[in-house]
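Scroll down for the structure; my scribbles are underneath it.
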Amino acid sequence: MKFTVKQIATLLGGEVAGNDTLAITGLAKIEEGKPGDISFLSNLKYEPFLYTTQASAVIVDRSFQPKKPVLSSLIFVENSYSAFTQLLEEYYRQLSFAKAGVEQPSYMGEGCQIGDHIYRGAFSYIGQNCRIGRNVKIHPHAYVGNNVCIGDNTIIHPGARILDDCVIGKSCVIHPNAVIGSEGFGFAPQPDGSYKTIPQLGNVILEDFVNVGSNTTIDCATMGSTIIRKGVKLDNLIQIGHNVDIGENTVIAAQTGISGSTKLGQNCVIAGQVGFAGHLTIANGTKVGAQSGVGKNVYEEGTSLNSSPAFGLKESMRSLAIFRKLPALEQRLTNLEKKNAK
């Protein structure tokens, strides 16, 4: 990345105090800034660093008034934290989409349609009859099966696997070693106690702006599609079973498992190590605390759950408070019994 202070201020809708022609080539914490870096000041406990930093530019709130001379150029914006986040996003975009072309060895099967500005890393594999959009980045050792569709501006990181017939939307990010479209866990018990495999014939659909974390696995549907809807963010090490449907803008933290055919609503927030039973319906806006086990449908929107088995958050907190007092309550009860026995 190389921009002038003025160009960055224009991007952020800010105003510059100081030299706006300085070149910016990196991002840094305010206490670690050096010439060529840009930083930000949001939390005023870091204000002393503003007067000693070597960063070429610092983003600050419009309301901020320096108490001492500042060597860095200042960019005044409405919200310095949000502005720096916007800058980080632009920096990430520049890095992520810088590569283009085809590295060798790599493989692409017959009948594929490929958009402009694609990147195919060394040892990547693309099967037959795939449709891959513009500006897609497929990094080394990634695998794309047959009949896969990938939308514009999607990034497939090293070692990720997208199996046959899956559909990946625009501006998605599939992190290293994620698996999209693995066989669903379907086995039919037999009279002799063995299990017979049920063929899993469906696919996985990821809509636009979906992020899938490292080592997360999304199983294909038995029939039809497992669907991860627009804007969903999945952490690392998540298991999503066959025919699951996750609603728009839901976020799920690491080590959560969702059993087959469960449907999560929009804007749900699921903490780490949560377990969902199969064939459930979870309402929009549901929040589930870490290590909870959800075994029943949730029909009321905005419900907060906790514990295992999960139940209402307030009731759960009261129960935990009482549980911590059980030894003292037991002692009181013992004392009362002794008193009454006399």
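In the structure tokens, chains take letters A, B, ... by order of appearance, with residues numbered from 1 within each chain and ligands from 1 in the order shown.
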Do you know which residues are at most 7 Å from Phe187 of chain A counting only C-alpha atoms, after dropping those on the same chain fewer than 4 positions away, and could you put them as a short mmCIF file (atom, residue, chain, number, x, y, z; two decimals) with C-alpha atoms, in the first residue's frame?
data_model
loop_
_atom_site.label_atom_id
_atom_site.label_comp_id
_atom_site.auth_asym_id
_atom_site.auth_seq_id
_atom_site.Cartn_x
_atom_site.Cartn_y
_atom_site.Cartn_z
CA TYR A 195 -25.38 -49.11 9.72
CA LYS A 196 -26.00 -48.56 6.03
CA THR A 197 -24.74 -45.38 4.41
CA ILE A 198 -27.43 -43.05 3.07
#
- [ ] Find the residues around segment 213-224 of chain A up to 6 Å (only C-alpha atoms counted), leave out those fewer than 3 positions away in its own chain, and share them as a PyMOL selection string.
- [x] chain A and resi 175-184+200-204+234-243
Open item on the list: Calculated over only C-alpha atoms, which of the candidates A:Gln273, A:Asn284, A:Thr85, A:Gln291 has the smallest distance to Asn249 of chain A?
Closed with: A:Asn284
Task: Which of segment 84-159 of chain A DSSP labels strand (DSSP E), written as number ranges by chain - done: A: 101-102, 107-108, 113-114, 119-120, 125-126, 131-132, 137-138, 143-144, 149-150, 155-156
Open item on the list: Here is a test: counting only C-alpha atoms, which residue of A:Gly247, A:Pro35, A:Gly14, A:Pro69 is nearest to Ala57 of chain A?
Closed with: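 Among A:Gly247, A:Pro35, A:Gly14, A:Pro69, it is A:Pro35 that comes nearest to Ala57 of chain A.
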Task: Point-to-point distance from atom CA of Leu95 of chain A to atom CA of Thr25 of chain A, Å rounded to tenths - done: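 Interatomic distance, atom CA of Leu95 of chain A to atom CA of Thr25 of chain A: 12.3 Å.
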TODO: Quick one: pick out all alpha helix (DSSP H) residues within segment 22-254 of chain A from a backbone DSSP run and write them as a ChimeraX atom specification.
DONE: /A:47-50,80-96
- [ ] Figure out the distance between atom CA of Ile156 of chain A and atom CA of Arg229 of chain A, please, to one decimal in Å.
- [x] 17.9 Å
Task: Residues near Lys137 of chain A, cut-off 8 Å, only C-alpha atoms, skip fewer than 2 positions along chain, as a list in words - done: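 Everything that qualifies: Phe97, Lys99, Ala100, Ile118, Tyr119, Arg120, Asn135, His139, Asn153, Thr154, Ile155, Ile156 and His157 of chain A.
The environment of Ala23 of chain A within 12 Å, counting only C-alpha atoms and disregarding residues fewer than 6 places along the same chain, consists of Met1, Lys2, Phe3, Thr4, Val5, Lys6, Gln7, Ile8, Pro35, Gly36, Asp37, Ile38, Ala55, Ser56, Ala57 and Ser73 of chain A.
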Applying 6 Å and only C-alpha atoms, which residues near Asn129 of chain A remain after dropping the ones on its own chain fewer than 4 positions away? List them as an mmCIF file with N, CA, C and O atoms, in the first residue's frame.
data_model
loop_
_atom_site.group_PDB
_atom_site.id
_atom_site.type_symbol
_atom_site.label_atom_id
_atom_site.label_comp_id
_atom_site.auth_asym_id
_atom_site.auth_seq_id
_atom_site.Cartn_x
_atom_site.Cartn_y
_atom_site.Cartn_z
ATOM 1 N N GLY A 111 -14.239 -27.364 -19.898
ATOM 2 C CA GLY A 111 -15.560 -26.773 -19.813
ATOM 3 C C GLY A 111 -15.721 -25.686 -18.772
ATOM 4 O O GLY A 111 -16.842 -25.303 -18.453
ATOM 5 N N CYS A 112 -14.618 -25.170 -18.246
ATOM 6 C CA CYS A 112 -14.697 -24.128 -17.212
ATOM 7 C C CYS A 112 -14.807 -22.743 -17.844
ATOM 8 O O CYS A 112 -14.236 -22.471 -18.897
ATOM 9 N N ASN A 147 -18.303 -28.811 -11.435
ATOM 10 C CA ASN A 147 -19.596 -28.099 -11.483
ATOM 11 C C ASN A 147 -19.763 -27.093 -10.355
ATOM 12 O O ASN A 147 -20.882 -26.794 -9.933
#
